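**Student:** coords_9.txt is reproduced below (compact mmCIF, C-alpha atoms).
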```txt
# COMPACT_ATOMS: atom_id res chain seq x y z
CA MET B 1450 198.59 56.29 213.97
CA LYS B 1451 198.44 54.83 217.49
CA LYS B 1452 198.12 51.35 216.02
CA TYR B 1453 201.11 51.93 213.74
CA ILE B 1454 203.29 53.14 216.63
CA LEU B 1455 202.22 50.22 218.81
CA LEU B 1456 203.10 47.59 216.22
CA ILE B 1457 206.49 49.12 215.56
CA ALA B 1458 207.14 49.29 219.29
CA VAL B 1459 206.30 45.60 219.59
CA PHE B 1460 208.66 44.83 216.73
CA PHE B 1461 211.60 46.65 218.31
CA LEU B 1462 210.89 45.11 221.70
CA GLY B 1463 211.14 41.77 219.92
CA LEU B 1464 214.57 42.67 218.55
CA ASN B 1465 215.72 43.75 221.98
CA SER B 1466 214.61 40.43 223.44
CA TYR B 1467 216.65 38.59 220.79
CA ALA B 1468 219.70 40.60 221.79
CA GLN B 1469 219.24 39.69 225.46
CA ILE B 1470 218.89 36.00 224.68
CA GLU B 1471 221.98 36.12 222.50
CA ASP B 1472 224.00 37.43 225.46
CA THR B 1473 222.64 35.05 228.08
CA ASP B 1474 221.83 31.79 226.34
CA MET B 1475 224.26 31.18 223.50
CA GLU B 1476 223.85 27.40 223.66
CA GLU B 1477 220.18 27.57 222.66
CA MET B 1478 220.33 30.29 220.02
CA VAL B 1479 222.55 30.83 216.98
CA ILE B 1480 222.60 34.24 215.28
CA GLU B 1481 224.43 34.75 212.00
CA ARG B 1482 224.54 36.99 208.98
CA ILE B 1483 223.65 35.05 205.83
CA SER B 1484 225.38 35.20 202.46
CA LYS B 1485 223.30 36.09 199.40
CA LYS B 1486 223.73 32.57 198.08
CA ASN B 1487 222.41 31.00 201.27
CA ILE B 1488 219.45 33.36 201.63
CA VAL B 1489 218.47 32.73 198.01
CA GLU B 1490 218.41 28.99 198.74
CA ILE B 1491 216.42 29.49 201.96
CA ILE B 1492 213.83 31.70 200.31
CA GLU B 1493 213.51 29.35 197.35
CA ASP B 1494 212.78 26.51 199.79
CA ILE B 1495 210.24 28.63 201.68
CA LYS B 1496 208.43 29.69 198.52
CA LYS B 1497 208.46 26.15 197.15
CA GLN B 1498 207.02 24.80 200.41
CA THR B 1499 204.43 27.58 200.58
CA TYR B 1500 203.21 26.83 197.06
CA LYS B 1501 203.23 23.08 197.76
CA ASN B 1502 201.85 23.01 201.29
CA TYR B 1503 199.38 25.90 201.48
CA SER B 1504 195.83 24.72 202.08
CA GLY B 1505 193.66 25.75 199.14
CA ASP B 1506 190.44 24.59 200.79
CA ASN B 1507 187.56 26.96 201.38
CA ALA B 1508 187.65 28.34 204.90
CA LYS B 1509 185.53 30.76 206.87
CA TYR B 1510 187.08 34.11 207.76
CA THR B 1511 185.93 37.41 209.15
CA ILE B 1512 187.23 40.50 207.37
CA THR B 1513 187.22 43.85 209.13
CA GLN B 1514 188.21 46.94 207.16
CA GLU B 1515 188.15 50.60 208.06
CA ALA B 1516 189.24 53.68 206.13
CA TYR B 1517 189.24 57.34 207.05
CA LEU B 1518 189.67 60.59 205.20
CA GLY B 1519 191.96 62.56 207.44
CA LYS B 1520 191.82 61.23 210.99
CA THR B 1521 188.10 61.13 211.76
CA ASP B 1522 185.94 61.14 208.59
CA THR B 1523 184.81 57.51 208.22
CA LEU B 1524 184.73 56.39 204.58
CA ILE B 1525 184.54 52.60 205.04
CA HIS B 1526 183.52 50.31 207.87
CA ILE B 1527 183.21 46.61 207.01
CA ASN B 1528 182.89 43.65 209.35
CA SER B 1529 181.68 40.61 207.42
CA PHE B 1530 181.96 36.84 207.12
CA TYR B 1531 183.52 35.30 204.00
CA ASP B 1532 184.44 31.98 202.46
CA ILE B 1533 187.99 32.34 201.17
CA SER B 1534 190.15 29.97 199.14
CA MET B 1535 193.57 30.66 197.68
CA ASP B 1536 195.47 29.05 194.82
CA LEU B 1537 198.85 30.67 195.30
CA LYS B 1538 200.43 29.11 192.21
CA SER B 1539 197.90 30.73 189.90
CA LYS B 1540 197.63 33.82 192.15
CA LYS B 1541 193.88 33.29 192.44
CA ILE B 1542 192.16 34.44 195.61
CA ASN B 1543 188.44 33.70 195.79
CA LYS B 1544 186.45 35.69 198.34
CA VAL B 1545 182.68 35.19 198.72
CA LYS B 1546 180.61 36.96 201.34
CA THR B 1547 178.40 34.59 203.32
CA SER B 1548 175.02 35.40 204.76
CA ASN B 1549 175.26 36.32 208.41
CA PRO B 1550 173.13 38.69 210.54
CA LYS B 1551 176.33 40.12 212.01
CA ASN B 1552 177.57 41.35 208.62
CA LYS B 1553 178.06 45.12 208.52
CA GLU B 1554 179.14 47.19 205.55
CA TYR B 1555 179.27 50.97 205.31
CA GLN B 1556 180.68 53.15 202.53
CA LYS B 1557 180.30 56.91 202.47
CA GLU B 1558 178.33 57.32 199.25
CA SER B 1559 178.65 61.10 199.18
CA PHE B 1560 182.41 60.62 198.75
CA PHE B 1561 182.66 57.53 196.53
CA SER B 1562 179.74 58.34 194.19
CA ARG B 1563 181.90 60.95 192.43
CA TYR B 1564 184.07 58.17 190.97
CA SER B 1565 183.61 55.28 188.58
CA ASN B 1566 184.90 51.84 189.57
CA ASN B 1567 188.27 52.04 187.82
CA ASP B 1568 189.31 55.43 189.17
CA SER B 1569 187.97 55.29 192.73
CA PRO B 1570 190.34 55.19 195.71
CA LEU B 1571 188.02 52.49 197.12
CA TYR B 1572 190.02 49.77 195.34
CA TRP B 1573 193.29 50.91 196.91
CA LEU B 1574 191.75 51.29 200.36
CA THR B 1575 190.15 47.83 200.45
CA GLU B 1576 191.00 45.25 197.78
CA VAL B 1577 194.68 46.06 197.22
CA ILE B 1578 195.61 46.04 200.89
CA LEU B 1579 194.01 42.59 201.17
CA ARG B 1580 195.25 40.87 198.02
CA LYS B 1581 198.85 42.06 198.08
CA ASN B 1582 199.34 40.82 201.66
CA ILE B 1583 197.67 37.40 201.49
CA ASN B 1584 199.53 36.53 198.28
CA ILE B 1585 202.48 35.45 200.44
CA PRO B 1586 205.09 34.28 197.86
CA GLU B 1587 204.87 37.65 196.08
CA LEU B 1588 205.90 39.74 199.09
CA ASP B 1589 208.78 42.05 198.23
CA PHE B 1590 211.41 40.67 200.61
CA LEU B 1591 210.86 37.15 199.22
CA ASN B 1592 211.64 38.32 195.68
CA ASN B 1593 213.90 41.39 195.54
CA ILE B 1594 216.57 39.67 197.60
CA ASN B 1595 219.51 41.78 196.42
CA ASP B 1596 217.89 44.88 197.95
CA TYR B 1597 217.91 43.45 201.49
CA GLN B 1598 220.26 42.45 204.30
CA TYR B 1599 219.33 39.26 206.16
CA ILE B 1600 220.28 37.83 209.57
CA ARG B 1601 219.34 34.33 210.70
CA THR B 1602 218.42 33.30 214.24
CA THR B 1603 217.67 29.66 215.10
CA GLU B 1604 216.13 28.46 218.34
CA LYS B 1605 214.32 25.23 219.23
CA GLY B 1606 213.56 24.25 215.64
CA ILE B 1607 212.22 27.64 214.57
CA THR B 1608 214.33 29.91 212.37
CA THR B 1609 213.81 33.67 212.30
CA ILE B 1610 215.12 35.70 209.38
CA THR B 1611 215.27 39.44 210.05
CA PHE B 1612 215.57 41.64 206.97
CA PHE B 1613 216.19 45.30 206.26
CA THR B 1614 216.51 47.75 203.42
CA GLU B 1615 216.60 51.53 203.70
CA ASP B 1616 214.34 51.90 200.67
CA TYR B 1617 211.39 49.65 201.44
CA TYR B 1618 210.74 47.18 204.27
CA GLU B 1619 212.15 46.02 207.59
CA GLY B 1620 210.86 43.02 209.52
CA PHE B 1621 211.16 39.27 210.02
CA PHE B 1622 209.71 35.93 209.01
CA LYS B 1623 209.78 32.63 210.89
CA TYR B 1624 209.69 29.07 209.56
CA ASP B 1625 209.95 25.54 210.93
CA GLN B 1626 212.33 22.72 210.01
CA LYS B 1627 210.25 21.84 206.94
CA TYR B 1628 210.29 25.47 205.73
CA ASN B 1629 206.65 26.02 206.65
CA LEU B 1630 206.03 29.68 207.49
CA VAL B 1631 205.05 30.40 211.09
CA GLU B 1632 204.90 34.20 211.26
CA ILE B 1633 205.70 37.31 209.21
CA GLU B 1634 205.93 40.92 210.31
CA PHE B 1635 207.16 43.93 208.35
CA TYR B 1636 206.80 47.68 208.05
CA LEU B 1637 207.76 50.38 205.59
CA THR B 1638 211.11 51.99 206.40
CA LYS B 1639 210.41 55.30 204.65
CA PRO B 1640 207.58 56.92 202.63
CA TYR B 1641 207.16 55.45 199.16
CA PRO B 1642 205.77 57.37 196.12
CA ILE B 1643 203.11 55.74 193.91
CA ASP B 1644 201.86 56.94 190.52
CA HIS B 1645 198.92 55.47 188.63
CA SER B 1646 197.18 56.57 185.44
CA GLN B 1647 194.94 55.17 182.70
CA VAL B 1648 194.89 55.86 178.96
CA ASN B 1649 192.31 54.75 176.38
CA ASN B 1650 193.00 55.08 172.63
CA GLY B 1651 195.71 57.60 173.30
CA LYS B 1652 193.54 59.77 175.52
CA GLN B 1653 194.35 60.29 179.19
CA LEU B 1654 191.41 59.18 181.34
CA PHE B 1655 192.88 60.03 184.73
CA VAL B 1656 196.13 60.48 186.63
CA LYS B 1657 196.71 59.96 190.33
CA ASN B 1658 199.66 59.93 192.68
CA TRP B 1659 200.24 59.69 196.41
CA ILE B 1660 202.78 58.86 199.10
CA LEU B 1661 202.50 55.55 200.93
CA ASN B 1662 203.54 57.10 204.22
CA ALA B 1663 203.23 54.08 206.52
CA GLU B 1664 202.55 50.36 206.23
CA VAL B 1665 202.59 47.74 208.98
CA VAL B 1666 201.67 44.08 208.39
CA ARG B 1667 201.58 41.07 210.73
CA ILE B 1668 200.66 37.54 209.58
CA LYS B 1669 200.37 34.40 211.71
CA PHE B 1670 200.09 30.93 210.22
CA LYS B 1671 198.80 27.63 211.58
CA GLN B 1672 198.70 24.07 210.28
CA ASP B 1673 195.58 21.96 209.77
CA LYS B 1674 195.24 18.29 210.69
CA ASN B 1675 197.00 17.32 207.45
CA GLY B 1676 199.97 19.59 208.13
CA LYS B 1677 198.91 22.15 205.51
CA ILE B 1678 199.58 25.77 206.44
CA TYR B 1679 197.04 28.57 206.30
CA ILE B 1680 196.74 32.20 207.38
CA ASP B 1681 195.20 32.25 210.84
CA ARG B 1682 195.28 36.03 211.34
CA LEU B 1683 196.49 38.97 209.28
CA THR B 1684 196.51 42.63 210.32
CA ALA B 1685 197.57 45.51 208.09
CA TYR B 1686 197.63 49.28 208.43
CA GLU B 1687 198.40 51.88 205.75
CA GLU B 1688 198.62 55.66 205.48
CA MET B 1689 198.22 57.32 202.08
CA ARG B 1690 199.36 60.93 202.10
CA ASP B 1691 199.11 63.77 199.55
CA TYR B 1692 196.69 61.88 197.32
CA ASN B 1693 196.19 63.84 194.08
CA PHE B 1694 193.72 62.87 191.38
CA GLU B 1695 192.52 64.35 188.10
CA LYS B 1696 189.88 62.84 185.80
CA TYR B 1697 189.32 64.15 182.26
CA ASP B 1698 186.42 64.17 179.84
CA SER B 1699 186.71 63.25 176.15
CA LYS B 1700 188.02 66.73 175.34
CA GLY B 1701 190.71 66.64 178.01
CA ALA B 1702 188.96 68.96 180.44
CA VAL B 1703 189.25 68.23 184.16
CA ILE B 1704 185.96 66.96 185.59
CA ILE B 1705 187.15 65.69 188.99
CA LYS B 1706 190.08 67.03 190.95
CA ASP B 1707 191.39 65.98 194.38
CA ASN B 1708 194.30 67.75 196.03
CA ASN B 1709 196.46 66.45 198.89
CA LEU B 1710 193.94 64.12 200.49
CA ASN B 1711 195.10 61.90 203.37
CA PHE B 1712 193.74 58.40 204.01
CA ASN B 1713 194.24 55.83 206.78
CA SER B 1714 193.11 52.25 206.24
CA SER B 1715 193.24 49.07 208.30
CA LEU B 1716 192.49 45.40 207.67
CA ILE B 1717 192.01 42.40 209.95
CA ILE B 1718 191.49 38.90 208.53
CA LYS B 1719 190.73 36.21 211.10
CA ARG B 1720 190.10 32.51 210.50
CA GLN B 1721 186.96 31.17 212.21
```
Just give me the structure of the file as structure tokens.

**Tutor:**
Amino acid sequence: MKKYILLIAVFFLGLNSYAQIEDTDMEEMVIERISKKNIVEIIEDIKKQTYKNYSGDNAKYTITQEAYLGKTDTLIHINSFYDISMDLKSKKINKVKTSNPKNKEYQKESFFSRYSNNDSPLYWLTEVILRKNINIPELDFLNNINDYQYIRTTEKGITTITFFTEDYYEGFFKYDQKYNLVEIEFYLTKPYPIDHSQVNNGKQLFVKNWILNAEVVRIKFKQDKNGKIYIDRLTAYEEMRDYNFEKYDSKGAVIIKDNNLNFNSSLIIKRQ
């Protein structure tokens, strides 16, 4: 929770600094509300440039992930080196762990051994938080445009678009004069309910639901020697609250039941 509060504090301090610059240096900065038509055009250009100019080459990254049941019960602690390549157009993200004596990976087997692969919370605590955030063009505020309000700030060749919706995310993204992304930051504006279940041949295998109580994401981009952009650093934090899960046998009897579990998970991806 401390990390979540800190990131949000940084975000609001950033907004306050924009307000101060607007008052004192109007010649260098232009702030304006954008029409839906204009923001659609801007986002289309950003997505087009991201697909076109994202480096798909293999690159070395460190991935650090932690997850806790409640506040202190460690379920996952990973700090490992990977080769990662991304083909954003086909939504393919290839992640291969490389051999390194500094690799560390811990999972609490006494907790996760109760589940099979397709019903375990492990997937939501590790893989989902990674893949949904590095698949940049699929981020919500770059697609569900009608749900958001946008304000544009331009200064010294860098444009900042701040966005807000009461139902999902608030944050900003920055891009240069060629529509290359420079930075993205966003957080969840209010808790969000999630339901997930699986059926096989008409029989319910499991049902689960929870509240995504908090989510904070920060992404910084750089350009390589050929001008291609890549993710230099990504940090993400999530809180899952009131996690409920039931798994059934072939006769419909409950064989695993979780009630109102709370999880915290964090992710750091850093280019080497």

**Student:** With all atoms listed in the file as the counted atoms, please give the residues lying no more than 8 Å from range 1713-1721 of chain B, apart from itself and same-chain residues fewer than 3 positions off, as a list in words.

**Tutor:**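 Answer for this query is Ala1508, Lys1509, Tyr1510, Thr1511, Ile1512, Thr1513, Gln1514, Glu1515, Ala1516, Tyr1517, Leu1518, Gly1519, Lys1520, Leu1574, Thr1575, Ile1578, Leu1579, Ile1680, Asp1681, Arg1682, Leu1683, Thr1684, Ala1685, Tyr1686, Glu1687, Glu1688 and Met1689 of chain B.
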
**Student:** Go through B:Asn1543, B:Asn1566, B:Asn1502, B:Asn1662 one by one, measure the shortest atom-to-atom distance of each to Pro1640 in chain B using only C-alpha atoms, and give the residue with the smallest value.

**Tutor:**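 Answer, going by the shortest atom-to-atom distance: B:Asn1662.
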
**Student:** For a test of reading the model, state the distance in Å between CA of Phe1590 in chain B and CA of Val1665 in chain B, rounded to one decimal.

**Tutor:** 14.1 Å

**Student:** Work out how far apart CA of Lys1674 in chain B and CA of Ile1583 in chain B are and give it in Å to one decimal.

**Tutor:**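 That distance, rounded to one decimal, is 21.3 Å.
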
**Student:** Quick one: pull the distance between CA of Glu1587 in chain B and CA of Val1656 in chain B, Å, one decimal.

**Tutor:**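 Taking CA of Glu1587 in chain B as the start and CA of Val1656 in chain B as the end point, the length is 26.2 Å.
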
**Student:** For Val1648 in chain B, find every residue with an atom within 12 Å (counting only C-alpha atoms), except residues of its own chain fewer than 6 positions away, and show them as a short mmCIF file (atom, residue, chain, number, x, y, z; two decimals) with C-alpha atoms, in the coordinates of the input.

**Tutor:**
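Full text of part10.cif as output:
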```cif
data_model
loop_
_atom_site.label_atom_id
_atom_site.label_comp_id
_atom_site.auth_asym_id
_atom_site.auth_seq_id
_atom_site.Cartn_x
_atom_site.Cartn_y
_atom_site.Cartn_z
CA ASN B 1567 188.27 52.04 187.82
CA ASP B 1568 189.31 55.43 189.17
CA LEU B 1654 191.41 59.18 181.34
CA PHE B 1655 192.88 60.03 184.73
CA VAL B 1656 196.13 60.48 186.63
CA LYS B 1696 189.88 62.84 185.80
CA TYR B 1697 189.32 64.15 182.26
CA ASP B 1698 186.42 64.17 179.84
CA SER B 1699 186.71 63.25 176.15
CA GLY B 1701 190.71 66.64 178.01
#
```

**Student:** Would you list the contacts of Ile1594 in chain B as a list in words, taking every protein, DNA or RNA residue within 12 Å and counting only C-alpha atoms, but skipping same-chain residues closer than 5 positions in sequence?

**Tutor:** Ile1483, Ser1484, Lys1485, Lys1486, Asn1487, Ile1488, Val1489, Glu1490, Ile1491, Ile1492, Glu1493, Glu1587, Leu1588, Asp1589, Tyr1599, Phe1612, Phe1613, Thr1614, Tyr1617 and Tyr1618 of chain B

**Student:** List as a Markdown table every residue of range 1546-1652 of chain B that is in contact with range 1535-1540 of chain B, defined as an atom at most 12 Å from one of its atoms (using all atoms listed in the file), together with the nearest atom pair and the distance in Å rounded to one decimal, sorted by chain and then rising number.

**Tutor:**
```
| residue | atom | partner | partner_atom | distance |
| --- | --- | --- | --- | --- |
| B:Arg1580 | CA | B:Lys1540 | CA | 9.5 |
| B:Lys1581 | CA | B:Lys1540 | CA | 10.2 |
| B:Asn1582 | CA | B:Lys1540 | CA | 11.9 |
| B:Ile1583 | CA | B:Met1535 | CA | 8.8 |
| B:Asn1584 | CA | B:Leu1537 | CA | 6.6 |
| B:Ile1585 | CA | B:Leu1537 | CA | 7.9 |
| B:Pro1586 | CA | B:Leu1537 | CA | 7.7 |
| B:Glu1587 | CA | B:Lys1540 | CA | 9.1 |
```

**Student:** Given the choices B:Lys1652, B:Trp1659, B:Asp1673, B:Arg1667, which gets closest to Glu1634 in chain B if the distance is worked out from only C-alpha atoms?

**Tutor:**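 Result for the nearest residue to Glu1634 in chain B: B:Arg1667.
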
**Student:** Choose the residue, out of B:Arg1690, B:Lys1639, B:Lys1627, B:Arg1482, that has the smallest atom-to-atom separation from Gly1676 in chain B; count all atoms listed in the file.

**Tutor:**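 Closest residue, counting all atoms listed in the file: B:Lys1627.
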
**Student:** Smallest atom-to-atom distance to Asp1644 in chain B: which of B:Lys1496, B:Lys1706, B:Lys1657, B:Lys1677, using all atoms listed in the file?

**Tutor:** B:Lys1657

**Student:** Taking all atoms listed in the file into account, which of B:Glu1632, B:Glu1695, B:Glu1664, B:Asp1532 comes nearest Gln1647 in chain B?

**Tutor:**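 Ranked by minimum distance to Gln1647 in chain B, first place goes to B:Glu1695.
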
**Student:** Rank nothing, just name the residue among B:Ile1600, B:Ile1527, B:Ile1660, B:Ile1705 nearest to Ser1565 in chain B, using all atoms listed in the file.

**Tutor:**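 When distances to Ser1565 in chain B are compared using all atoms listed in the file, the smallest one comes from B:Ile1705.
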
**Student:** For Asp1691 in chain B, find every residue with an atom within 10 Å (counting only C-alpha atoms), except residues of its own chain fewer than 6 positions away, and show them as a list in words.

**Tutor:**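 Neighbouring residues, sequence-local ones excluded: Pro1642, Asn1658, Trp1659, Ile1660, Leu1661, Asn1662, Asp1707, Asn1708, Asn1709, Leu1710, Asn1711 and Phe1712 of chain B.
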
**Student:** Would you mind putting all heavy atoms back on range 1635-1646 of chain B and writing the result as a PDB file, in the frame of the given file?

**Tutor:**
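Contents of part-v6.pdb, freshly written:
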```pdb
ATOM      1  N   PHE B1635     206.309  42.963 209.031  1.00  0.00           N
ATOM      2  CA  PHE B1635     207.160  43.930 208.350  1.00  0.00           C
ATOM      3  C   PHE B1635     206.491  45.300 208.343  1.00  0.00           C
ATOM      4  O   PHE B1635     205.279  45.421 208.518  1.00  0.00           O
ATOM      5  CB  PHE B1635     207.473  43.495 206.908  1.00  0.00           C
ATOM      6  CG  PHE B1635     206.275  43.302 206.016  1.00  0.00           C
ATOM      7  CD1 PHE B1635     205.798  44.328 205.209  1.00  0.00           C
ATOM      8  CD2 PHE B1635     205.627  42.073 205.977  1.00  0.00           C
ATOM      9  CE1 PHE B1635     204.712  44.139 204.385  1.00  0.00           C
ATOM     10  CE2 PHE B1635     204.526  41.871 205.149  1.00  0.00           C
ATOM     11  CZ  PHE B1635     204.066  42.906 204.348  1.00  0.00           C
ATOM     12  N   TYR B1636     207.324  46.328 208.164  1.00  0.00           N
ATOM     13  CA  TYR B1636     206.800  47.680 208.050  1.00  0.00           C
ATOM     14  C   TYR B1636     207.672  48.480 207.094  1.00  0.00           C
ATOM     15  O   TYR B1636     208.831  48.150 206.825  1.00  0.00           O
ATOM     16  CB  TYR B1636     206.695  48.372 209.407  1.00  0.00           C
ATOM     17  CG  TYR B1636     208.013  48.660 210.084  1.00  0.00           C
ATOM     18  CD1 TYR B1636     208.673  49.866 209.884  1.00  0.00           C
ATOM     19  CD2 TYR B1636     208.583  47.721 210.939  1.00  0.00           C
ATOM     20  CE1 TYR B1636     209.876  50.125 210.510  1.00  0.00           C
ATOM     21  CE2 TYR B1636     209.785  47.984 211.576  1.00  0.00           C
ATOM     22  CZ  TYR B1636     210.429  49.189 211.352  1.00  0.00           C
ATOM     23  OH  TYR B1636     211.630  49.445 211.974  1.00  0.00           O
ATOM     24  N   LEU B1637     207.083  49.529 206.553  1.00  0.00           N
ATOM     25  CA  LEU B1637     207.760  50.380 205.590  1.00  0.00           C
ATOM     26  C   LEU B1637     208.810  51.230 206.299  1.00  0.00           C
ATOM     27  O   LEU B1637     208.537  51.830 207.335  1.00  0.00           O
ATOM     28  CB  LEU B1637     206.726  51.294 204.910  1.00  0.00           C
ATOM     29  CG  LEU B1637     207.113  51.970 203.594  1.00  0.00           C
ATOM     30  CD1 LEU B1637     207.344  50.938 202.503  1.00  0.00           C
ATOM     31  CD2 LEU B1637     205.999  52.936 203.169  1.00  0.00           C
ATOM     32  N   THR B1638     210.034  51.266 205.739  1.00  0.00           N
ATOM     33  CA  THR B1638     211.110  51.990 206.400  1.00  0.00           C
ATOM     34  C   THR B1638     211.112  53.482 206.080  1.00  0.00           C
ATOM     35  O   THR B1638     211.657  54.278 206.842  1.00  0.00           O
ATOM     36  CB  THR B1638     212.483  51.400 206.012  1.00  0.00           C
ATOM     37  OG1 THR B1638     212.595  51.345 204.577  1.00  0.00           O
ATOM     38  CG2 THR B1638     212.632  50.001 206.584  1.00  0.00           C
ATOM     39  N   LYS B1639     210.533  53.876 204.952  1.00  0.00           N
ATOM     40  CA  LYS B1639     210.410  55.300 204.650  1.00  0.00           C
ATOM     41  C   LYS B1639     209.280  55.494 203.649  1.00  0.00           C
ATOM     42  O   LYS B1639     208.894  54.544 202.950  1.00  0.00           O
ATOM     43  CB  LYS B1639     211.723  55.874 204.105  1.00  0.00           C
ATOM     44  CG  LYS B1639     212.116  55.410 202.725  1.00  0.00           C
ATOM     45  CD  LYS B1639     213.414  56.088 202.291  1.00  0.00           C
ATOM     46  CE  LYS B1639     213.808  55.706 200.878  1.00  0.00           C
ATOM     47  NZ  LYS B1639     215.083  56.333 200.471  1.00  0.00           N
ATOM     48  N   PRO B1640     208.688  56.687 203.563  1.00  0.00           N
ATOM     49  CA  PRO B1640     207.580  56.920 202.630  1.00  0.00           C
ATOM     50  C   PRO B1640     207.950  56.535 201.198  1.00  0.00           C
ATOM     51  O   PRO B1640     209.089  56.702 200.764  1.00  0.00           O
ATOM     52  CB  PRO B1640     207.326  58.425 202.765  1.00  0.00           C
ATOM     53  CG  PRO B1640     207.770  58.743 204.154  1.00  0.00           C
ATOM     54  CD  PRO B1640     208.975  57.873 204.394  1.00  0.00           C
ATOM     55  N   TYR B1641     206.935  56.021 200.487  1.00  0.00           N
ATOM     56  CA  TYR B1641     207.160  55.450 199.160  1.00  0.00           C
ATOM     57  C   TYR B1641     206.178  56.084 198.168  1.00  0.00           C
ATOM     58  O   TYR B1641     204.962  56.023 198.363  1.00  0.00           O
ATOM     59  CB  TYR B1641     206.945  53.940 199.220  1.00  0.00           C
ATOM     60  CG  TYR B1641     207.257  53.206 197.954  1.00  0.00           C
ATOM     61  CD1 TYR B1641     208.564  52.905 197.606  1.00  0.00           C
ATOM     62  CD2 TYR B1641     206.227  52.801 197.096  1.00  0.00           C
ATOM     63  CE1 TYR B1641     208.849  52.218 196.436  1.00  0.00           C
ATOM     64  CE2 TYR B1641     206.495  52.113 195.926  1.00  0.00           C
ATOM     65  CZ  TYR B1641     207.811  51.818 195.608  1.00  0.00           C
ATOM     66  OH  TYR B1641     208.094  51.141 194.435  1.00  0.00           O
ATOM     67  N   PRO B1642     206.667  56.714 197.083  1.00  0.00           N
ATOM     68  CA  PRO B1642     205.770  57.370 196.120  1.00  0.00           C
ATOM     69  C   PRO B1642     205.125  56.368 195.164  1.00  0.00           C
ATOM     70  O   PRO B1642     205.761  55.404 194.732  1.00  0.00           O
ATOM     71  CB  PRO B1642     206.715  58.320 195.365  1.00  0.00           C
ATOM     72  CG  PRO B1642     208.057  57.651 195.444  1.00  0.00           C
ATOM     73  CD  PRO B1642     208.096  56.942 196.772  1.00  0.00           C
ATOM     74  N   ILE B1643     203.859  56.596 194.842  1.00  0.00           N
ATOM     75  CA  ILE B1643     203.110  55.740 193.910  1.00  0.00           C
ATOM     76  C   ILE B1643     202.426  56.629 192.878  1.00  0.00           C
ATOM     77  O   ILE B1643     201.803  57.637 193.224  1.00  0.00           O
ATOM     78  CB  ILE B1643     202.071  54.892 194.647  1.00  0.00           C
ATOM     79  CG1 ILE B1643     202.776  53.935 195.624  1.00  0.00           C
ATOM     80  CG2 ILE B1643     201.209  54.102 193.663  1.00  0.00           C
ATOM     81  CD1 ILE B1643     201.824  53.131 196.475  1.00  0.00           C
ATOM     82  N   ASP B1644     202.534  56.245 191.611  1.00  0.00           N
ATOM     83  CA  ASP B1644     201.860  56.940 190.520  1.00  0.00           C
ATOM     84  C   ASP B1644     201.012  55.938 189.751  1.00  0.00           C
ATOM     85  O   ASP B1644     201.431  54.802 189.505  1.00  0.00           O
ATOM     86  CB  ASP B1644     202.874  57.585 189.557  1.00  0.00           C
ATOM     87  CG  ASP B1644     203.622  58.740 190.189  1.00  0.00           C
ATOM     88  OD1 ASP B1644     203.059  59.842 190.227  1.00  0.00           O
ATOM     89  OD2 ASP B1644     204.761  58.520 190.637  1.00  0.00           O
ATOM     90  N   HIS B1645     199.819  56.366 189.360  1.00  0.00           N
ATOM     91  CA  HIS B1645     198.920  55.470 188.630  1.00  0.00           C
ATOM     92  C   HIS B1645     198.098  56.318 187.667  1.00  0.00           C
ATOM     93  O   HIS B1645     197.584  57.375 188.018  1.00  0.00           O
ATOM     94  CB  HIS B1645     197.998  54.738 189.603  1.00  0.00           C
ATOM     95  CG  HIS B1645     197.037  53.808 188.944  1.00  0.00           C
ATOM     96  ND1 HIS B1645     197.445  52.719 188.204  1.00  0.00           N
ATOM     97  CD2 HIS B1645     195.684  53.799 188.924  1.00  0.00           C
ATOM     98  CE1 HIS B1645     196.383  52.081 187.749  1.00  0.00           C
ATOM     99  NE2 HIS B1645     195.301  52.717 188.173  1.00  0.00           N
ATOM    100  N   SER B1646     197.979  55.846 186.429  1.00  0.00           N
ATOM    101  CA  SER B1646     197.180  56.570 185.440  1.00  0.00           C
ATOM    102  C   SER B1646     196.550  55.560 184.481  1.00  0.00           C
ATOM    103  O   SER B1646     196.915  54.384 184.465  1.00  0.00           O
ATOM    104  CB  SER B1646     198.041  57.566 184.658  1.00  0.00           C
ATOM    105  OG  SER B1646     199.051  56.890 183.921  1.00  0.00           O
TER     106      SER B1646
END
```
